[in-house]
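A.B. asks: I have a structure here, written as structure tokens, and I will follow up with some questions on it.
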Amino acid sequence: MLCLKCHNETRVIDSREDTEHSIRRRRECLQCAHRFTTFERAEMPRLIVVKRDGSKTPFQKEKIAQGIAKAAEKRPLSLADIHRIVETIEQQLYDRGDDEISSRVIGELVMQELRTVDTVSYLRFASVYKAFRSANAFEKELKALQR
Ligand SMILES: [Zn+2]
């Protein structure tokens, strides 16, 4: 990273983890000795989503958030709730330690989380995701929930 004042090379004089995903670095310019602090995002391993048809796409949490937001339309779920759910799912995905994750697993995790916060949102998501083939399958799901 270049000096903010004179744009010459800088060196790192201190580096520490700020949060789990960001690193705080103290830098000093080799030319003018100007010191400044940067917050840099720690490199996260890349997750690849393997879709049902076998195609692969980089993991994007915005997509999950959109899916949940759609299911939670007009439901008492705030953006903060959705954000929290997405964070939880992302963490679980990273915890698995796999580079590649099937979209099915992600769908299951979303359902698992939604189920605990809002039944209606869960059913909406599940009906789109599982594409309940019959009213019967939907009934079964409802019964399972009521238990
Ligand atoms: Zn400088």
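Naming scheme: A, B, ... for chains in displayed order of the structure tokens; residues 1 onward per chain; ligands 1 onward as shown.
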Residues within 7 Å of ligand 1 (only C-alpha atoms and all ligand atoms), as a list in words?
C.D. replies: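 Using only C-alpha atoms and all ligand atoms, everything at most 7 Å from ligand 1 comes to Cys3, Leu4, Lys5, Cys6, His7, Asn8, Cys29, Leu30, Gln31, Cys32, Ala33 and His34 of chain A.
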A.B. asks: Can I get the selection written as a tab-separated table (two decimals), in the first residue's frame, with N, CA and C atoms?
C.D. replies:
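For reference, selection35.tsv as written:
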chain	number	residue	atom	x	y	z
A	3	CYS	N	1.82	5.34	0.41
A	3	CYS	CA	1.60	6.43	1.37
A	3	CYS	C	0.45	7.32	0.91
A	4	LEU	N	-0.39	7.72	1.87
A	4	LEU	CA	-1.54	8.55	1.53
A	4	LEU	C	-1.10	9.98	1.19
A	5	LYS	N	0.10	10.36	1.65
A	5	LYS	CA	0.56	11.73	1.42
A	5	LYS	C	1.42	11.85	0.17
A	6	CYS	N	2.47	11.00	0.10
A	6	CYS	CA	3.42	11.16	-1.00
A	6	CYS	C	3.41	10.00	-1.99
A	7	HIS	N	2.58	9.02	-1.74
A	7	HIS	CA	2.41	7.89	-2.65
A	7	HIS	C	3.67	7.05	-2.88
A	8	ASN	N	4.53	7.02	-1.89
A	8	ASN	CA	5.68	6.12	-1.96
A	8	ASN	C	5.38	4.85	-1.16
A	29	CYS	N	5.37	5.38	6.05
A	29	CYS	CA	5.95	5.65	4.74
A	29	CYS	C	7.47	5.61	4.81
A	30	LEU	N	8.08	4.98	3.82
A	30	LEU	CA	9.54	4.87	3.79
A	30	LEU	C	10.18	6.20	3.39
A	31	GLN	N	9.41	7.04	2.75
A	31	GLN	CA	9.91	8.34	2.30
A	31	GLN	C	9.72	9.43	3.34
A	32	CYS	N	8.46	9.71	3.65
A	32	CYS	CA	8.16	10.87	4.49
A	32	CYS	C	7.83	10.50	5.93
A	33	ALA	N	7.84	9.22	6.25
A	33	ALA	CA	7.60	8.74	7.62
A	33	ALA	C	6.19	9.00	8.12
A	34	HIS	N	5.29	9.38	7.22
A	34	HIS	CA	3.89	9.55	7.60
A	34	HIS	C	3.34	8.20	8.05
A.B. asks: When DSSP works through the backbone of this structure, what residues of range 21-74 of chain A end up as alpha helix (DSSP H), shown as a PDB file with C-alpha atoms, in the first residue's frame?
C.D. replies:
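Dumped everything to out32.pdb:
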ATOM      1  CA  LYS A  61     -24.505 -14.247   0.301  1.00  0.00           C
ATOM      2  CA  GLU A  62     -26.551 -11.526  -1.399  1.00  0.00           C
ATOM      3  CA  LYS A  63     -28.338 -14.274  -3.275  1.00  0.00           C
ATOM      4  CA  ILE A  64     -29.276 -16.060  -0.068  1.00  0.00           C
ATOM      5  CA  ALA A  65     -30.422 -12.772   1.443  1.00  0.00           C
ATOM      6  CA  GLN A  66     -32.611 -12.129  -1.597  1.00  0.00           C
ATOM      7  CA  GLY A  67     -34.160 -15.577  -1.385  1.00  0.00           C
ATOM      8  CA  ILE A  68     -34.947 -15.115   2.287  1.00  0.00           C
ATOM      9  CA  ALA A  69     -36.240 -11.567   1.791  1.00  0.00           C
ATOM     10  CA  LYS A  70     -38.630 -12.847  -0.857  1.00  0.00           C
ATOM     11  CA  ALA A  71     -39.925 -15.589   1.405  1.00  0.00           C
TER      12      ALA A  71
END
A.B. asks: Set the distance at 7 Å and use only C-alpha atoms: which residues neighbour range 13-22 of chain A once local chain neighbours fewer than 3 positions away are removed? I'd like the list as a list of chain:residue names.
C.D. replies: A:Arg25, A:Arg26, A:Arg27, A:Glu28, A:Phe39, A:Glu40, A:Arg41, A:Ala42
A.B. asks: Please dump the current selection as a PDB file, in the first residue's frame; keep N, CA and C atoms.
C.D. replies:
ATOM      1  N   ARG A  25      -3.826  -2.650  10.399  1.00  0.00           N
ATOM      2  CA  ARG A  25      -2.393  -2.499  10.157  1.00  0.00           C
ATOM      3  C   ARG A  25      -1.960  -1.057  10.343  1.00  0.00           C
ATOM      4  N   ARG A  26      -0.856  -0.895  11.054  1.00  0.00           N
ATOM      5  CA  ARG A  26      -0.252   0.407  11.237  1.00  0.00           C
ATOM      6  C   ARG A  26       0.867   0.483  10.202  1.00  0.00           C
ATOM      7  N   ARG A  27       0.859   1.511   9.388  1.00  0.00           N
ATOM      8  CA  ARG A  27       1.857   1.613   8.328  1.00  0.00           C
ATOM      9  C   ARG A  27       2.669   2.890   8.430  1.00  0.00           C
ATOM     10  N   GLU A  28       3.882   2.809   7.910  1.00  0.00           N
ATOM     11  CA  GLU A  28       4.743   3.989   7.920  1.00  0.00           C
ATOM     12  C   GLU A  28       5.377   4.153   6.543  1.00  0.00           C
ATOM     13  N   PHE A  39      -7.534  -0.732   7.736  1.00  0.00           N
ATOM     14  CA  PHE A  39      -8.293  -1.913   8.132  1.00  0.00           C
ATOM     15  C   PHE A  39      -8.470  -2.756   6.880  1.00  0.00           C
ATOM     16  N   GLU A  40      -7.851  -3.904   6.882  1.00  0.00           N
ATOM     17  CA  GLU A  40      -7.891  -4.726   5.686  1.00  0.00           C
ATOM     18  C   GLU A  40      -8.678  -5.993   5.930  1.00  0.00           C
ATOM     19  N   ARG A  41      -9.405  -6.352   4.925  1.00  0.00           N
ATOM     20  CA  ARG A  41     -10.222  -7.540   5.029  1.00  0.00           C
ATOM     21  C   ARG A  41      -9.329  -8.766   4.941  1.00  0.00           C
ATOM     22  N   ALA A  42      -9.470  -9.627   5.923  1.00  0.00           N
ATOM     23  CA  ALA A  42      -8.705 -10.863   5.889  1.00  0.00           C
ATOM     24  C   ALA A  42      -9.214 -11.712   4.727  1.00  0.00           C
TER      25      ALA A  42
END
A.B. asks: Which residue is closest to Val49 in chain A? Choose from A:Glu139, A:Glu73, A:Glu9, A:Asp99 and count only C-alpha atoms.
C.D. replies: A:Asp99
A.B. asks: If you count only C-alpha atoms, which residues fall within 7 Å of Ser103 in chain A, apart from same-chain ones fewer than 6 positions away, as an NGL selection string?
C.D. replies: :A and (49-52)
A.B. asks: Based on DSSP run over this structure's backbone, return all residues of chain A in strand (DSSP E or B), as a PyMOL selection string.
C.D. replies: chain A and resi 2+9-19+22-29+35-41+48-50+56-58+100-102
A.B. asks: Which one is closest to Arg104 in chain A: A:Asp53, A:Val117, A:Thr88, A:Ala144? Count only C-alpha atoms.
C.D. replies: A:Asp53
A.B. asks: Please indicate the distance in Å from CA of Arg96 in chain A to CA of Leu47 in chain A, rounded to one decimal place.
C.D. replies: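 So the two atoms, CA of Arg96 in chain A and CA of Leu47 in chain A, lie 10.7 Å apart.
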A.B. asks: With a distance cut-off of 12 Å and only C-alpha atoms, select the neighbouring residues of Tyr122 in chain A, excluding the residue or stretch itself and same-chain residues fewer than 2 positions from it, and output the selection as a CSV table (one decimal) with N, CA and C atoms, in the first residue's frame.
C.D. replies:
chain,number,residue,atom,x,y,z
A,67,GLY,N,-33.2,-14.5,-1.5
A,67,GLY,CA,-34.2,-15.6,-1.4
A,67,GLY,C,-35.0,-15.5,-0.1
A,68,ILE,N,-34.3,-15.2,1.0
A,68,ILE,CA,-34.9,-15.1,2.3
A,68,ILE,C,-35.9,-13.9,2.3
A,69,ALA,N,-35.4,-12.8,1.8
A,69,ALA,CA,-36.2,-11.6,1.8
A,69,ALA,C,-37.5,-11.8,1.0
A,70,LYS,N,-37.5,-12.6,-0.1
A,70,LYS,CA,-38.6,-12.8,-0.9
A,70,LYS,C,-39.6,-13.7,-0.1
A,71,ALA,N,-39.1,-14.7,0.6
A,71,ALA,CA,-39.9,-15.6,1.4
A,71,ALA,C,-40.5,-14.8,2.6
A,72,ALA,N,-39.8,-13.8,3.1
A,72,ALA,CA,-40.2,-13.1,4.3
A,72,ALA,C,-41.0,-11.9,4.0
A,73,GLU,N,-41.4,-11.7,2.7
A,73,GLU,CA,-42.2,-10.5,2.4
A,73,GLU,C,-43.4,-10.3,3.2
A,75,ARG,N,-43.7,-10.2,6.3
A,75,ARG,CA,-43.6,-11.0,7.5
A,75,ARG,C,-42.8,-10.2,8.5
A,77,LEU,N,-40.1,-10.0,9.8
A,77,LEU,CA,-38.6,-10.3,9.8
A,77,LEU,C,-37.9,-9.0,9.3
A,107,GLY,N,-29.7,-24.7,0.7
A,107,GLY,CA,-31.1,-24.6,0.8
A,107,GLY,C,-31.6,-25.2,2.1
A,108,GLU,N,-31.0,-26.3,2.5
A,108,GLU,CA,-31.4,-27.0,3.8
A,108,GLU,C,-31.1,-26.1,5.0
A,109,LEU,N,-29.9,-25.4,4.9
A,109,LEU,CA,-29.5,-24.6,6.0
A,109,LEU,C,-30.5,-23.4,6.1
A,110,VAL,N,-30.8,-22.8,5.0
A,110,VAL,CA,-31.8,-21.7,5.0
A,110,VAL,C,-33.1,-22.1,5.6
A,111,MET,N,-33.6,-23.3,5.2
A,111,MET,CA,-34.8,-23.8,5.8
A,111,MET,C,-34.7,-24.0,7.3
A,112,GLN,N,-33.6,-24.6,7.7
A,112,GLN,CA,-33.4,-24.9,9.1
A,112,GLN,C,-33.5,-23.6,9.9
A,113,GLU,N,-32.8,-22.5,9.4
A,113,GLU,CA,-32.8,-21.3,10.1
A,113,GLU,C,-34.2,-20.6,10.1
A,114,LEU,N,-34.8,-20.6,8.9
A,114,LEU,CA,-36.1,-19.9,8.8
A,114,LEU,C,-37.2,-20.6,9.7
A,115,ARG,N,-37.1,-21.9,9.7
A,115,ARG,CA,-38.0,-22.6,10.5
A,115,ARG,C,-38.0,-22.2,12.0
A,116,THR,N,-36.9,-21.8,12.5
A,116,THR,CA,-36.8,-21.4,13.9
A,116,THR,C,-37.3,-20.0,14.1
A,117,VAL,N,-37.3,-19.1,13.1
A,117,VAL,CA,-37.7,-17.7,13.3
A,117,VAL,C,-39.1,-17.4,12.8
A,118,ASP,N,-39.5,-18.0,11.7
A,118,ASP,CA,-40.9,-17.6,11.2
A,118,ASP,C,-41.4,-18.8,10.3
A,119,THR,N,-42.5,-19.4,10.7
A,119,THR,CA,-43.0,-20.6,10.1
A,119,THR,C,-43.5,-20.3,8.7
A,120,VAL,N,-44.2,-19.1,8.5
A,120,VAL,CA,-44.7,-18.8,7.2
A,120,VAL,C,-43.6,-18.5,6.2
A,124,ARG,N,-42.9,-20.7,2.8
A,124,ARG,CA,-42.8,-20.1,1.5
A,124,ARG,C,-41.5,-20.5,0.8
A,125,PHE,N,-40.5,-20.4,1.6
A,125,PHE,CA,-39.1,-20.7,1.1
A,125,PHE,C,-39.1,-22.2,0.6
A,126,ALA,N,-39.6,-23.0,1.5
A,126,ALA,CA,-39.6,-24.5,1.3
A,126,ALA,C,-40.4,-24.8,0.1
A,127,SER,N,-41.5,-24.1,-0.1
A,127,SER,CA,-42.4,-24.5,-1.2
A,127,SER,C,-41.7,-24.1,-2.6
A,128,VAL,N,-41.0,-23.0,-2.6
A,128,VAL,CA,-40.3,-22.6,-3.8
A,128,VAL,C,-39.1,-23.6,-3.9
A,129,TYR,N,-38.4,-23.8,-2.8
A,129,TYR,CA,-37.1,-24.6,-2.9
A,129,TYR,C,-37.4,-26.1,-3.2
A,130,LYS,N,-38.3,-26.6,-2.5
A,130,LYS,CA,-38.6,-28.0,-2.7
A,130,LYS,C,-39.5,-28.3,-3.8
A,141,GLU,N,-45.6,-31.7,5.4
A,141,GLU,CA,-44.6,-30.7,5.9
A,141,GLU,C,-45.3,-29.9,7.0
A,142,LEU,N,-46.5,-29.5,6.8
A,142,LEU,CA,-47.3,-28.8,7.8
A,142,LEU,C,-47.5,-29.6,9.1
A,145,LEU,N,-44.4,-29.8,11.1
A,145,LEU,CA,-44.2,-28.6,11.8
A,145,LEU,C,-45.0,-28.4,13.0
A.B. asks: By how many Å are CA of Leu79 in chain A and CA of Ser121 in chain A apart?
C.D. replies: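 Separation between CA of Leu79 in chain A and CA of Ser121 in chain A: 13.6 Å.
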